[in-house]
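Source file: entry02.pdb; contents: PDB, C-alpha atoms and all ligand atoms.
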```pdb
ATOM      1  CA  MET L   8     -28.906   9.875   2.924  1.00  0.00           C
ATOM      2  CA  ALA L   9     -28.436   6.288   1.848  1.00  0.00           C
ATOM      3  CA  SER L  10     -28.219   3.593   4.495  1.00  0.00           C
ATOM      4  CA  GLU L  11     -25.516   1.051   3.667  1.00  0.00           C
ATOM      5  CA  LYS L  12     -24.611  -2.352   5.090  1.00  0.00           C
ATOM      6  CA  THR L  13     -21.203  -3.932   4.832  1.00  0.00           C
ATOM      7  CA  GLN L  14     -18.417  -5.649   6.712  1.00  0.00           C
ATOM      8  CA  ALA L  15     -15.589  -3.515   8.001  1.00  0.00           C
ATOM      9  CA  ILE L  16     -12.256  -3.631   9.790  1.00  0.00           C
ATOM     10  CA  VAL L  17     -11.724  -0.914  12.405  1.00  0.00           C
ATOM     11  CA  LEU L  18      -8.516   0.929  11.450  1.00  0.00           C
ATOM     12  CA  ARG L  19      -8.593   3.839  13.847  1.00  0.00           C
ATOM     13  CA  VAL L  20     -10.635   5.068  16.783  1.00  0.00           C
ATOM     14  CA  VAL L  21     -10.345   8.692  17.903  1.00  0.00           C
ATOM     15  CA  GLU L  22     -12.267  10.123  20.839  1.00  0.00           C
ATOM     16  CA  PHE L  23     -14.477  12.888  19.556  1.00  0.00           C
ATOM     17  CA  SER L  24     -16.511  14.022  22.526  1.00  0.00           C
ATOM     18  CA  GLU L  25     -17.328  12.680  25.946  1.00  0.00           C
ATOM     19  CA  THR L  26     -19.596  10.087  24.403  1.00  0.00           C
ATOM     20  CA  SER L  27     -18.643   9.781  20.738  1.00  0.00           C
ATOM     21  CA  CYS L  28     -15.796   8.511  18.558  1.00  0.00           C
ATOM     22  CA  VAL L  29     -14.647   9.142  15.041  1.00  0.00           C
ATOM     23  CA  LEU L  30     -13.683   5.931  13.293  1.00  0.00           C
ATOM     24  CA  THR L  31     -11.690   5.077  10.251  1.00  0.00           C
ATOM     25  CA  LEU L  32     -13.112   1.868   8.821  1.00  0.00           C
ATOM     26  CA  PHE L  33     -11.929  -0.213   5.920  1.00  0.00           C
ATOM     27  CA  THR L  34     -15.147  -1.594   4.494  1.00  0.00           C
ATOM     28  CA  GLU L  35     -15.665  -4.469   2.122  1.00  0.00           C
ATOM     29  CA  HIS L  36     -17.826  -2.617  -0.385  1.00  0.00           C
ATOM     30  CA  PHE L  37     -17.123   1.095   0.069  1.00  0.00           C
ATOM     31  CA  GLY L  38     -13.389   1.206   0.737  1.00  0.00           C
ATOM     32  CA  LYS L  39     -12.125   3.461   3.493  1.00  0.00           C
ATOM     33  CA  VAL L  40     -14.820   5.334   5.383  1.00  0.00           C
ATOM     34  CA  GLY L  41     -14.664   7.984   8.091  1.00  0.00           C
ATOM     35  CA  ALA L  42     -17.652   7.712  10.396  1.00  0.00           C
ATOM     36  CA  LEU L  43     -18.969   9.265  13.554  1.00  0.00           C
ATOM     37  CA  ALA L  44     -20.144   6.774  16.179  1.00  0.00           C
ATOM     38  CA  LYS L  45     -22.445   8.632  18.555  1.00  0.00           C
ATOM     39  CA  GLY L  46     -22.613   7.194  22.030  1.00  0.00           C
ATOM     40  CA  ALA L  47     -19.748   4.762  21.373  1.00  0.00           C
ATOM     41  CA  ARG L  48     -17.951   5.830  24.545  1.00  0.00           C
ATOM     42  CA  ARG L  49     -20.965   5.446  26.797  1.00  0.00           C
ATOM     43  CA  PRO L  50     -21.015   2.307  28.893  1.00  0.00           C
ATOM     44  CA  LYS L  51     -23.798   0.173  27.471  1.00  0.00           C
ATOM     45  CA  GLY L  52     -23.731   2.353  24.357  1.00  0.00           C
ATOM     46  CA  PRO L  53     -25.334   1.314  21.102  1.00  0.00           C
ATOM     47  CA  PHE L  54     -22.280  -0.525  19.761  1.00  0.00           C
ATOM     48  CA  GLU L  55     -21.737  -2.903  22.693  1.00  0.00           C
ATOM     49  CA  GLY L  56     -17.940  -2.772  22.649  1.00  0.00           C
ATOM     50  CA  ALA L  57     -17.746  -3.797  18.983  1.00  0.00           C
ATOM     51  CA  LEU L  58     -15.516  -0.930  17.931  1.00  0.00           C
ATOM     52  CA  ASP L  59     -12.099  -2.171  19.017  1.00  0.00           C
ATOM     53  CA  LEU L  60      -9.067  -1.567  16.873  1.00  0.00           C
ATOM     54  CA  LEU L  61      -8.762  -4.199  14.122  1.00  0.00           C
ATOM     55  CA  ALA L  62     -12.052  -5.834  15.002  1.00  0.00           C
ATOM     56  CA  LEU L  63     -14.089  -7.266  12.149  1.00  0.00           C
ATOM     57  CA  VAL L  64     -17.578  -5.824  12.370  1.00  0.00           C
ATOM     58  CA  ARG L  65     -20.787  -5.826  10.395  1.00  0.00           C
ATOM     59  CA  ILE L  66     -21.990  -2.251  10.136  1.00  0.00           C
ATOM     60  CA  VAL L  67     -24.842  -0.101   8.975  1.00  0.00           C
ATOM     61  CA  PHE L  68     -24.012   3.518   8.220  1.00  0.00           C
ATOM     62  CA  LEU L  69     -25.560   6.567   6.662  1.00  0.00           C
ATOM     63  CA  ARG L  70     -23.552   8.026   3.838  1.00  0.00           C
ATOM     64  CA  LYS L  71     -23.197  11.763   3.774  1.00  0.00           C
ATOM     65  CA  SER L  72     -22.923  13.332   0.368  1.00  0.00           C
ATOM     66  CA  SER L  73     -20.469  16.106   1.173  1.00  0.00           C
ATOM     67  CA  ASP L  74     -17.173  16.059   3.024  1.00  0.00           C
ATOM     68  CA  ALA L  75     -19.041  15.409   6.269  1.00  0.00           C
ATOM     69  CA  LEU L  76     -18.352  12.246   8.207  1.00  0.00           C
ATOM     70  CA  ASP L  77     -20.640   9.307   7.591  1.00  0.00           C
ATOM     71  CA  LEU L  78     -22.793   8.290  10.529  1.00  0.00           C
ATOM     72  CA  LEU L  79     -22.458   4.834  12.014  1.00  0.00           C
ATOM     73  CA  THR L  80     -25.828   3.496  13.153  1.00  0.00           C
ATOM     74  CA  GLU L  81     -25.090  -0.180  13.889  1.00  0.00           C
ATOM     75  CA  ALA L  82     -22.001  -2.286  14.501  1.00  0.00           C
ATOM     76  CA  LYS L  83     -22.030  -5.973  15.368  1.00  0.00           C
ATOM     77  CA  LEU L  84     -18.795  -7.616  16.382  1.00  0.00           C
ATOM     78  CA  GLN L  85     -17.837 -10.586  14.227  1.00  0.00           C
ATOM     79  CA  ARG L  86     -14.290 -11.151  15.366  1.00  0.00           C
ATOM     80  CA  ARG L  87     -12.002  -9.359  17.767  1.00  0.00           C
ATOM     81  CA  PHE L  88      -8.270  -9.087  16.982  1.00  0.00           C
ATOM     82  CA  ARG L  89      -7.199 -11.280  19.861  1.00  0.00           C
ATOM     83  CA  SER L  90      -3.433 -10.931  19.233  1.00  0.00           C
ATOM     84  CA  ALA L  91      -3.768  -7.551  20.896  1.00  0.00           C
ATOM     85  CA  GLN L  92      -3.735  -9.354  24.249  1.00  0.00           C
ATOM     86  CA  ARG L  93      -0.962 -11.806  23.430  1.00  0.00           C
ATOM     87  CA  GLU L  94       2.306 -11.123  21.638  1.00  0.00           C
ATOM     88  CA  LEU L  95       3.714  -7.700  20.860  1.00  0.00           C
ATOM     89  CA  PRO L  96       5.029  -8.560  17.347  1.00  0.00           C
ATOM     90  CA  ARG L  97       1.546  -9.761  16.355  1.00  0.00           C
ATOM     91  CA  LEU L  98      -0.021  -6.613  17.727  1.00  0.00           C
ATOM     92  CA  TYR L  99       2.468  -4.410  15.847  1.00  0.00           C
ATOM     93  CA  ALA L 100       1.921  -6.422  12.680  1.00  0.00           C
ATOM     94  CA  GLY L 101      -1.817  -5.821  13.016  1.00  0.00           C
ATOM     95  CA  TYR L 102      -1.282  -2.083  13.543  1.00  0.00           C
ATOM     96  CA  TYR L 103       0.940  -2.075  10.478  1.00  0.00           C
ATOM     97  CA  VAL L 104      -1.758  -3.739   8.351  1.00  0.00           C
ATOM     98  CA  ALA L 105      -4.137  -0.996   9.504  1.00  0.00           C
ATOM     99  CA  GLU L 106      -1.606   1.721   8.717  1.00  0.00           C
ATOM    100  CA  LEU L 107      -0.972   0.429   5.199  1.00  0.00           C
ATOM    101  CA  LEU L 108      -4.688   0.112   4.458  1.00  0.00           C
ATOM    102  CA  SER L 109      -5.161   3.653   5.627  1.00  0.00           C
ATOM    103  CA  GLU L 110      -2.162   5.068   3.730  1.00  0.00           C
ATOM    104  CA  LEU L 111      -2.542   3.181   0.472  1.00  0.00           C
ATOM    105  CA  THR L 112      -6.270   3.654  -0.146  1.00  0.00           C
ATOM    106  CA  ASP L 113      -8.572   6.648  -0.576  1.00  0.00           C
ATOM    107  CA  ASN L 114     -11.913   7.289   1.070  1.00  0.00           C
ATOM    108  CA  GLY L 115     -14.802   5.747  -0.816  1.00  0.00           C
ATOM    109  CA  ASP L 116     -12.610   3.760  -3.204  1.00  0.00           C
ATOM    110  CA  PRO L 117     -13.736   0.124  -2.889  1.00  0.00           C
ATOM    111  CA  HIS L 118     -11.236  -2.749  -2.960  1.00  0.00           C
ATOM    112  CA  PRO L 119     -13.138  -5.901  -1.954  1.00  0.00           C
ATOM    113  CA  GLU L 120     -10.169  -8.162  -2.721  1.00  0.00           C
ATOM    114  CA  LEU L 121      -7.911  -6.058  -0.531  1.00  0.00           C
ATOM    115  CA  PHE L 122     -10.525  -6.281   2.203  1.00  0.00           C
ATOM    116  CA  ALA L 123     -10.468 -10.078   1.922  1.00  0.00           C
ATOM    117  CA  LEU L 124      -6.664 -10.060   2.038  1.00  0.00           C
ATOM    118  CA  ALA L 125      -6.618  -7.853   5.137  1.00  0.00           C
ATOM    119  CA  ASP L 126      -9.236 -10.017   6.828  1.00  0.00           C
ATOM    120  CA  GLU L 127      -7.326 -13.243   6.208  1.00  0.00           C
ATOM    121  CA  THR L 128      -4.048 -11.589   7.253  1.00  0.00           C
ATOM    122  CA  LEU L 129      -5.480 -10.540  10.628  1.00  0.00           C
ATOM    123  CA  LEU L 130      -6.924 -14.015  11.049  1.00  0.00           C
ATOM    124  CA  ALA L 131      -3.533 -15.545  10.174  1.00  0.00           C
ATOM    125  CA  LEU L 132      -1.832 -13.342  12.787  1.00  0.00           C
ATOM    126  CA  ASP L 133      -4.425 -14.398  15.326  1.00  0.00           C
ATOM    127  CA  SER L 134      -4.097 -18.072  14.557  1.00  0.00           C
ATOM    128  CA  GLY L 135      -0.357 -18.273  15.117  1.00  0.00           C
ATOM    129  CA  ARG L 136       1.024 -18.134  11.556  1.00  0.00           C
ATOM    130  CA  PRO L 137       4.646 -16.912  11.470  1.00  0.00           C
ATOM    131  CA  VAL L 138       4.564 -13.121  11.677  1.00  0.00           C
ATOM    132  CA  ALA L 139       7.309 -11.938   9.281  1.00  0.00           C
ATOM    133  CA  PRO L 140       6.157 -13.869   6.199  1.00  0.00           C
ATOM    134  CA  THR L 141       2.519 -13.091   6.996  1.00  0.00           C
ATOM    135  CA  VAL L 142       3.326  -9.378   6.935  1.00  0.00           C
ATOM    136  CA  LEU L 143       5.432  -9.656   3.788  1.00  0.00           C
ATOM    137  CA  ARG L 144       2.702 -11.619   2.048  1.00  0.00           C
ATOM    138  CA  PHE L 145       0.191  -8.904   2.932  1.00  0.00           C
ATOM    139  CA  GLU L 146       2.481  -6.116   1.713  1.00  0.00           C
ATOM    140  CA  VAL L 147       3.313  -7.785  -1.585  1.00  0.00           C
ATOM    141  CA  LEU L 148      -0.237  -8.885  -2.411  1.00  0.00           C
ATOM    142  CA  ALA L 149      -1.726  -5.554  -1.309  1.00  0.00           C
ATOM    143  CA  LEU L 150       0.633  -3.702  -3.640  1.00  0.00           C
ATOM    144  CA  ARG L 151      -0.236  -6.119  -6.421  1.00  0.00           C
ATOM    145  CA  LEU L 152      -3.973  -5.516  -5.924  1.00  0.00           C
ATOM    146  CA  LEU L 153      -3.427  -1.752  -5.895  1.00  0.00           C
ATOM    147  CA  GLY L 154      -1.215  -1.760  -8.982  1.00  0.00           C
ATOM    148  CA  HIS L 155       1.920  -0.697  -7.076  1.00  0.00           C
ATOM    149  CA  LEU L 156       3.876  -3.928  -7.189  1.00  0.00           C
ATOM    150  CA  PRO L 157       7.407  -3.146  -8.356  1.00  0.00           C
ATOM    151  CA  SER L 158       8.692  -4.927 -11.450  1.00  0.00           C
ATOM    152  CA  LEU L 159      10.577  -8.006 -10.230  1.00  0.00           C
ATOM    153  CA  ASP L 160      11.356  -9.875 -13.461  1.00  0.00           C
ATOM    154  CA  GLU L 161      11.803  -7.333 -16.217  1.00  0.00           C
ATOM    155  CA  CYS L 162      13.922  -4.205 -16.113  1.00  0.00           C
ATOM    156  CA  VAL L 163      11.641  -1.321 -15.253  1.00  0.00           C
ATOM    157  CA  GLY L 164      13.619   0.859 -17.695  1.00  0.00           C
ATOM    158  CA  CYS L 165      13.740  -1.186 -20.914  1.00  0.00           C
ATOM    159  CA  GLY L 166      11.566  -4.233 -20.248  1.00  0.00           C
ATOM    160  CA  GLN L 167      14.312  -6.798 -20.759  1.00  0.00           C
ATOM    161  CA  SER L 168      14.451  -9.875 -18.551  1.00  0.00           C
ATOM    162  CA  ILE L 169      16.968  -9.604 -15.757  1.00  0.00           C
ATOM    163  CA  PRO L 170      19.568 -12.402 -15.983  1.00  0.00           C
ATOM    164  CA  GLU L 171      20.222 -14.685 -13.004  1.00  0.00           C
ATOM    165  CA  GLN L 172      22.899 -12.916 -10.984  1.00  0.00           C
ATOM    166  CA  ASP L 173      24.158 -12.605  -7.418  1.00  0.00           C
ATOM    167  CA  ARG L 174      22.945  -9.045  -6.967  1.00  0.00           C
ATOM    168  CA  THR L 175      20.369  -7.031  -8.873  1.00  0.00           C
ATOM    169  CA  ALA L 176      19.831  -3.285  -8.803  1.00  0.00           C
ATOM    170  CA  PHE L 177      16.413  -2.251  -7.517  1.00  0.00           C
ATOM    171  CA  GLY L 178      15.284   1.310  -8.192  1.00  0.00           C
ATOM    172  CA  LEU L 179      13.114   2.669  -5.401  1.00  0.00           C
ATOM    173  CA  VAL L 180      12.008   5.627  -7.498  1.00  0.00           C
ATOM    174  CA  ALA L 181      11.948   3.744 -10.812  1.00  0.00           C
ATOM    175  CA  GLY L 182       9.773   1.073  -9.167  1.00  0.00           C
ATOM    176  CA  GLY L 183      11.584  -2.193  -9.751  1.00  0.00           C
ATOM    177  CA  VAL L 184      14.656  -4.077 -10.904  1.00  0.00           C
ATOM    178  CA  LEU L 185      17.086  -2.421 -13.305  1.00  0.00           C
ATOM    179  CA  CYS L 186      19.445  -3.919 -15.879  1.00  0.00           C
ATOM    180  CA  ALA L 187      23.091  -2.833 -16.033  1.00  0.00           C
ATOM    181  CA  ARG L 188      22.366  -0.531 -18.968  1.00  0.00           C
ATOM    182  CA  CYS L 189      19.455   1.294 -17.335  1.00  0.00           C
ATOM    183  CA  ARG L 190      20.943   1.629 -13.882  1.00  0.00           C
ATOM    184  CA  PRO L 191      23.276   4.609 -14.420  1.00  0.00           C
ATOM    185  CA  GLY L 192      21.599   7.902 -13.629  1.00  0.00           C
ATOM    186  CA  GLN L 193      18.781   6.340 -11.597  1.00  0.00           C
ATOM    187  CA  ARG L 194      18.150   7.821  -8.179  1.00  0.00           C
ATOM    188  CA  GLN L 195      17.822   5.780  -4.982  1.00  0.00           C
ATOM    189  CA  VAL L 196      18.998   2.414  -6.176  1.00  0.00           C
ATOM    190  CA  VAL L 197      19.587  -0.425  -3.719  1.00  0.00           C
ATOM    191  CA  SER L 198      21.034  -3.823  -4.422  1.00  0.00           C
ATOM    192  CA  ILE L 199      19.120  -6.985  -3.745  1.00  0.00           C
ATOM    193  CA  THR L 200      20.542 -10.508  -3.454  1.00  0.00           C
ATOM    194  CA  ARG L 201      19.536 -13.454  -5.589  1.00  0.00           C
ATOM    195  CA  SER L 202      17.705 -15.135  -2.703  1.00  0.00           C
ATOM    196  CA  GLY L 203      16.035 -11.881  -1.667  1.00  0.00           C
ATOM    197  CA  LEU L 204      14.701 -11.318  -5.165  1.00  0.00           C
ATOM    198  CA  ALA L 205      13.638 -14.953  -5.494  1.00  0.00           C
ATOM    199  CA  THR L 206      11.670 -14.643  -2.243  1.00  0.00           C
ATOM    200  CA  LEU L 207       9.909 -11.482  -3.391  1.00  0.00           C
ATOM    201  CA  ARG L 208       9.003 -13.149  -6.679  1.00  0.00           C
ATOM    202  CA  ARG L 209       7.627 -16.161  -4.860  1.00  0.00           C
ATOM    203  CA  PHE L 210       5.399 -14.024  -2.661  1.00  0.00           C
ATOM    204  CA  ALA L 211       4.303 -11.881  -5.593  1.00  0.00           C
ATOM    205  CA  THR L 212       3.158 -14.867  -7.612  1.00  0.00           C
ATOM    206  CA  ALA L 213       1.546 -16.797  -4.751  1.00  0.00           C
ATOM    207  CA  HIS L 214      -2.087 -17.236  -5.613  1.00  0.00           C
ATOM    208  CA  GLY L 215      -4.982 -18.590  -3.679  1.00  0.00           C
ATOM    209  CA  ASP L 216      -5.450 -19.176  -0.015  1.00  0.00           C
ATOM    210  CA  TRP L 217      -3.038 -19.919   2.776  1.00  0.00           C
ATOM    211  CA  ASP L 218      -3.341 -23.651   2.391  1.00  0.00           C
ATOM    212  CA  SER L 219      -1.912 -23.507  -1.100  1.00  0.00           C
ATOM    213  CA  LEU L 220       1.343 -22.129   0.300  1.00  0.00           C
ATOM    214  CA  VAL L 221       3.508 -24.808   1.866  1.00  0.00           C
ATOM    215  CA  LEU L 222       4.931 -23.980   5.242  1.00  0.00           C
ATOM    216  CA  GLU L 223       8.561 -23.922   4.044  1.00  0.00           C
ATOM    217  CA  ASP L 224       7.643 -21.002   1.825  1.00  0.00           C
ATOM    218  CA  LEU L 225       6.515 -19.098   4.853  1.00  0.00           C
ATOM    219  CA  VAL L 226       9.638 -19.368   6.938  1.00  0.00           C
ATOM    220  CA  LEU L 227      12.226 -16.875   5.782  1.00  0.00           C
ATOM    221  CA  GLU L 228      15.898 -17.230   6.482  1.00  0.00           C
ATOM    222  CA  ASP L 229      17.069 -14.558   8.907  1.00  0.00           C
ATOM    223  CA  LYS L 230      19.445 -12.996   6.404  1.00  0.00           C
ATOM    224  CA  VAL L 231      16.838 -12.761   3.661  1.00  0.00           C
ATOM    225  CA  ARG L 232      14.281 -11.461   6.120  1.00  0.00           C
ATOM    226  CA  GLY L 233      16.524  -8.584   7.231  1.00  0.00           C
ATOM    227  CA  GLU L 234      17.443  -7.698   3.679  1.00  0.00           C
ATOM    228  CA  LEU L 235      13.870  -7.751   2.430  1.00  0.00           C
ATOM    229  CA  ARG L 236      12.635  -5.597   5.283  1.00  0.00           C
ATOM    230  CA  GLY L 237      15.277  -3.029   4.363  1.00  0.00           C
ATOM    231  CA  VAL L 238      14.392  -2.950   0.667  1.00  0.00           C
ATOM    232  CA  TRP L 239      10.676  -3.180   1.239  1.00  0.00           C
ATOM    233  CA  ASN L 240      10.593  -0.527   3.978  1.00  0.00           C
ATOM    234  CA  ASN L 241      12.387   1.866   1.646  1.00  0.00           C
ATOM    235  CA  TYR L 242      10.122   1.093  -1.271  1.00  0.00           C
ATOM    236  CA  LEU L 243       6.962   1.574   0.803  1.00  0.00           C
ATOM    237  CA  ALA L 244       8.258   4.777   2.365  1.00  0.00           C
ATOM    238  CA  HIS L 245       8.883   6.108  -1.125  1.00  0.00           C
ATOM    239  CA  LEU L 246       5.450   5.011  -2.330  1.00  0.00           C
ATOM    240  CA  ILE L 247       3.583   6.532   0.614  1.00  0.00           C
ATOM    241  CA  GLY L 248       5.717   9.647   0.690  1.00  0.00           C
ATOM    242  CA  HIS L 249       6.940   9.200   4.245  1.00  0.00           C
ATOM    243  CA  LYS L 250       8.177   6.447   6.515  1.00  0.00           C
ATOM    244  CA  PRO L 251       5.252   4.397   7.883  1.00  0.00           C
ATOM    245  CA  ARG L 252       4.962   4.947  11.631  1.00  0.00           C
ATOM    246  CA  MET L 253       5.042   1.236  12.361  1.00  0.00           C
ATOM    247  CA  HIS L 254       8.330   0.615  10.533  1.00  0.00           C
ATOM    248  CA  GLU L 255      10.386   1.290  13.617  1.00  0.00           C
ATOM    249  CA  TYR L 256       8.520  -1.450  15.407  1.00  0.00           C
ATOM    250  CA  LEU L 257       8.942  -3.844  12.507  1.00  0.00           C
ATOM    251  CA  GLY L 258      12.581  -4.277  13.488  1.00  0.00           C
ATOM    252  CA  VAL L 259      11.067  -7.050  15.557  1.00  0.00           C
ATOM    253  CA  LEU L 260      10.138  -8.759  12.300  1.00  0.00           C
ATOM    254  CA  ALA L 261      13.543  -8.364  10.706  1.00  0.00           C
ATOM    255  CA  SER L 262      15.309 -10.134  13.523  1.00  0.00           C
ATOM    256  CA  GLY L 263      12.777 -12.513  14.978  1.00  0.00           C
TER     257      GLY L 263
HETATM  258 ZN    ZN L 301      17.003  -1.953 -18.733  1.00  0.00          ZN
END
```
Reformat the file's structure so that it appears as structure tokens.
Amino acid sequence: MASEKTQAIVLRVVEFSETSCVLTLFTEHFGKVGALAKGARRPKGPFEGALDLLALVRIVFLRKSSDALDLLTEAKLQRRFRSAQRELPRLYAGYYVAELLSELTDNGDPHPELFALADETLLALDSGRPVAPTVLRFEVLALRLLGHLPSLDECVGCGQSIPEQDRTAFGLVAGGVLCARCRPGQRQVVSITRSGLATLRRFATAHGDWDSLVLEDLVLEDKVRGELRGVWNNYLAHLIGHKPRMHEYLGVLASG
């Protein structure tokens, strides 16, 4: 059994026995990991309260070769997700980040850049950044990193550039915008407004850290926000294969 060290975000904590928990962790270097934390539920246990949902922790774990759970041997708290005690929309947004990480990645498939994105997103939620654009930024960039970003400029059917127009067809199954010629016969097509599409493009091409995005970019008009949540929720539900659990709570983000 190899002993591994890495940073991790706690995605899920399930009670396993009177004293132990089973954790789902999104680690920096090993991707998603399922691990047993023996004694985690004991007061004054070995993990000293480090294993809270969405906490950033530095861990040591023993990798099991088969399907068995890995074994967590150390966890040091680096940062708690403090929004959990403050505003409900920030808490839901954090849960949603955890849900997407869990749904969109496989066990043992490392995505260090996605880890960095998740870490900075949780920090942004904790430090008072506006919630709706923070969530949208995470969704768009996460899909880009995982190769699931829908085509936003060229028709996903024929590759031609989509002309500037008031409304553009967006194929949920096809995975992106559709030109007038390719649209007929496509299943699950929604229509997206010029400003909605422009906003998605802006988020999809935003590089670098938070400070390189000016604040105006981060405040979405109410109308655009509602529209984008609709399109994006549908696209993600299609991608994952079911509606994410947290979507019903994200209504908060569409309106506020
Ligand atoms: Zn086309």
Exercise for review: One decimal, Å: what's the distance from CA of Ser73 in chain L over to CA of Asp59 in chain L, could you say?
Suggested key: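 Taking CA of Ser73 in chain L and CA of Asp59 in chain L, their separation equals 26.9 Å.
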Practice item. Using the chain letters and numbers from the file, give me the residues hit by the PyMOL selection byres (((chain L and resi 251) around 9) and not hetatm), as a list in words. Key: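 Checked against the file, the PyMOL selection byres (((chain L and resi 251) around 9) and not hetatm) matches Tyr103, Glu106, Leu107, Glu110, Asn240, Leu243, Ala244, Ile247, Gly248, His249, Lys250, Arg252, Met253, His254 and Glu255 of chain L.
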Write the residues you've just listed into a file as a PDB file, in the coordinates of the input, and include C-alpha atoms for each of them.
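This is the output file selection.pdb:
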```pdb
ATOM      1  CA  TYR L 103       0.940  -2.075  10.478  1.00  0.00           C
ATOM      2  CA  GLU L 106      -1.606   1.721   8.717  1.00  0.00           C
ATOM      3  CA  LEU L 107      -0.972   0.429   5.199  1.00  0.00           C
ATOM      4  CA  GLU L 110      -2.162   5.068   3.730  1.00  0.00           C
ATOM      5  CA  ASN L 240      10.593  -0.527   3.978  1.00  0.00           C
ATOM      6  CA  LEU L 243       6.962   1.574   0.803  1.00  0.00           C
ATOM      7  CA  ALA L 244       8.258   4.777   2.365  1.00  0.00           C
ATOM      8  CA  ILE L 247       3.583   6.532   0.614  1.00  0.00           C
ATOM      9  CA  GLY L 248       5.717   9.647   0.690  1.00  0.00           C
ATOM     10  CA  HIS L 249       6.940   9.200   4.245  1.00  0.00           C
ATOM     11  CA  LYS L 250       8.177   6.447   6.515  1.00  0.00           C
ATOM     12  CA  ARG L 252       4.962   4.947  11.631  1.00  0.00           C
ATOM     13  CA  MET L 253       5.042   1.236  12.361  1.00  0.00           C
ATOM     14  CA  HIS L 254       8.330   0.615  10.533  1.00  0.00           C
ATOM     15  CA  GLU L 255      10.386   1.290  13.617  1.00  0.00           C
TER      16      GLU L 255
END
```
**Study point:** Within-9 Å residues of ligand ZN 301 (chain L), basis all atoms listed in the file, as a ChimeraX atom specification
**Key:** /L:161-169,184-190
Residues returned when the PyMOL selection byres (((chain L and resi 205) around 12) and not hetatm) runs on this file, as a PDB file with C-alpha atoms, in the frame of the given file:
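The result, written out as part.pdb:
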```
ATOM      1  CA  LEU L 159      10.577  -8.006 -10.230  1.00  0.00           C
ATOM      2  CA  ASP L 160      11.356  -9.875 -13.461  1.00  0.00           C
ATOM      3  CA  GLU L 171      20.222 -14.685 -13.004  1.00  0.00           C
ATOM      4  CA  GLN L 172      22.899 -12.916 -10.984  1.00  0.00           C
ATOM      5  CA  ASP L 173      24.158 -12.605  -7.418  1.00  0.00           C
ATOM      6  CA  ARG L 174      22.945  -9.045  -6.967  1.00  0.00           C
ATOM      7  CA  THR L 175      20.369  -7.031  -8.873  1.00  0.00           C
ATOM      8  CA  ILE L 199      19.120  -6.985  -3.745  1.00  0.00           C
ATOM      9  CA  THR L 200      20.542 -10.508  -3.454  1.00  0.00           C
ATOM     10  CA  ARG L 201      19.536 -13.454  -5.589  1.00  0.00           C
ATOM     11  CA  SER L 202      17.705 -15.135  -2.703  1.00  0.00           C
ATOM     12  CA  GLY L 203      16.035 -11.881  -1.667  1.00  0.00           C
ATOM     13  CA  LEU L 204      14.701 -11.318  -5.165  1.00  0.00           C
ATOM     14  CA  THR L 206      11.670 -14.643  -2.243  1.00  0.00           C
ATOM     15  CA  LEU L 207       9.909 -11.482  -3.391  1.00  0.00           C
ATOM     16  CA  ARG L 208       9.003 -13.149  -6.679  1.00  0.00           C
ATOM     17  CA  ARG L 209       7.627 -16.161  -4.860  1.00  0.00           C
ATOM     18  CA  PHE L 210       5.399 -14.024  -2.661  1.00  0.00           C
ATOM     19  CA  ALA L 211       4.303 -11.881  -5.593  1.00  0.00           C
ATOM     20  CA  THR L 212       3.158 -14.867  -7.612  1.00  0.00           C
ATOM     21  CA  ASP L 224       7.643 -21.002   1.825  1.00  0.00           C
ATOM     22  CA  LEU L 227      12.226 -16.875   5.782  1.00  0.00           C
ATOM     23  CA  VAL L 231      16.838 -12.761   3.661  1.00  0.00           C
ATOM     24  CA  LEU L 235      13.870  -7.751   2.430  1.00  0.00           C
TER      25      LEU L 235
END
```
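Using all atoms listed in the file, the residues found no farther than 9 Å from Leu111 in chain L, other than those of its own chain fewer than 6 positions away, are Ala149, Leu150, Leu153, Leu246 and Ile247 of chain L.
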Point to revise | Top pick for closest residue to Phe54 in chain L, considering L:Thr31, L:Gln193, L:Thr26, L:Ser72 and counting only C-alpha atoms | key: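 Counting only C-alpha atoms, the residue closest to Phe54 in chain L is L:Thr26.
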**Study point:** Atom pair CA of Asn114 in chain L / CA of Arg19 in chain L: separation (Å)
**Key:**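 Atom-to-atom, CA of Asn114 in chain L and CA of Arg19 in chain L are spaced 13.6 Å apart.
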Practice item. Could you check how far CA of Lys45 in chain L sits from CA of Pro117 in chain L, in Å to one decimal? Key: 24.7 Å
Point to revise | Contact residues around Leu143 in chain L with all atoms listed in the file at 9 Å, ignoring same-chain residues under 2 positions, as a ChimeraX atom specification | key: /L:138-141,145-148,207,210,235-236,239
Point to revise | Hits of the PyMOL selection byres (((chain L and resi 27) around 8) and not hetatm) in this structure, as a VMD selection string | key: chain L and resid 22 to 26 28 to 29 43 to 49
Selection from above, C-alpha atoms, as a PDB file, in the coordinates of the input, can you write it?
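Saved the output as again-v8.pdb:
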```
ATOM      1  CA  GLU L  22     -12.267  10.123  20.839  1.00  0.00           C
ATOM      2  CA  PHE L  23     -14.477  12.888  19.556  1.00  0.00           C
ATOM      3  CA  SER L  24     -16.511  14.022  22.526  1.00  0.00           C
ATOM      4  CA  GLU L  25     -17.328  12.680  25.946  1.00  0.00           C
ATOM      5  CA  THR L  26     -19.596  10.087  24.403  1.00  0.00           C
ATOM      6  CA  CYS L  28     -15.796   8.511  18.558  1.00  0.00           C
ATOM      7  CA  VAL L  29     -14.647   9.142  15.041  1.00  0.00           C
ATOM      8  CA  LEU L  43     -18.969   9.265  13.554  1.00  0.00           C
ATOM      9  CA  ALA L  44     -20.144   6.774  16.179  1.00  0.00           C
ATOM     10  CA  LYS L  45     -22.445   8.632  18.555  1.00  0.00           C
ATOM     11  CA  GLY L  46     -22.613   7.194  22.030  1.00  0.00           C
ATOM     12  CA  ALA L  47     -19.748   4.762  21.373  1.00  0.00           C
ATOM     13  CA  ARG L  48     -17.951   5.830  24.545  1.00  0.00           C
ATOM     14  CA  ARG L  49     -20.965   5.446  26.797  1.00  0.00           C
TER      15      ARG L  49
END
```
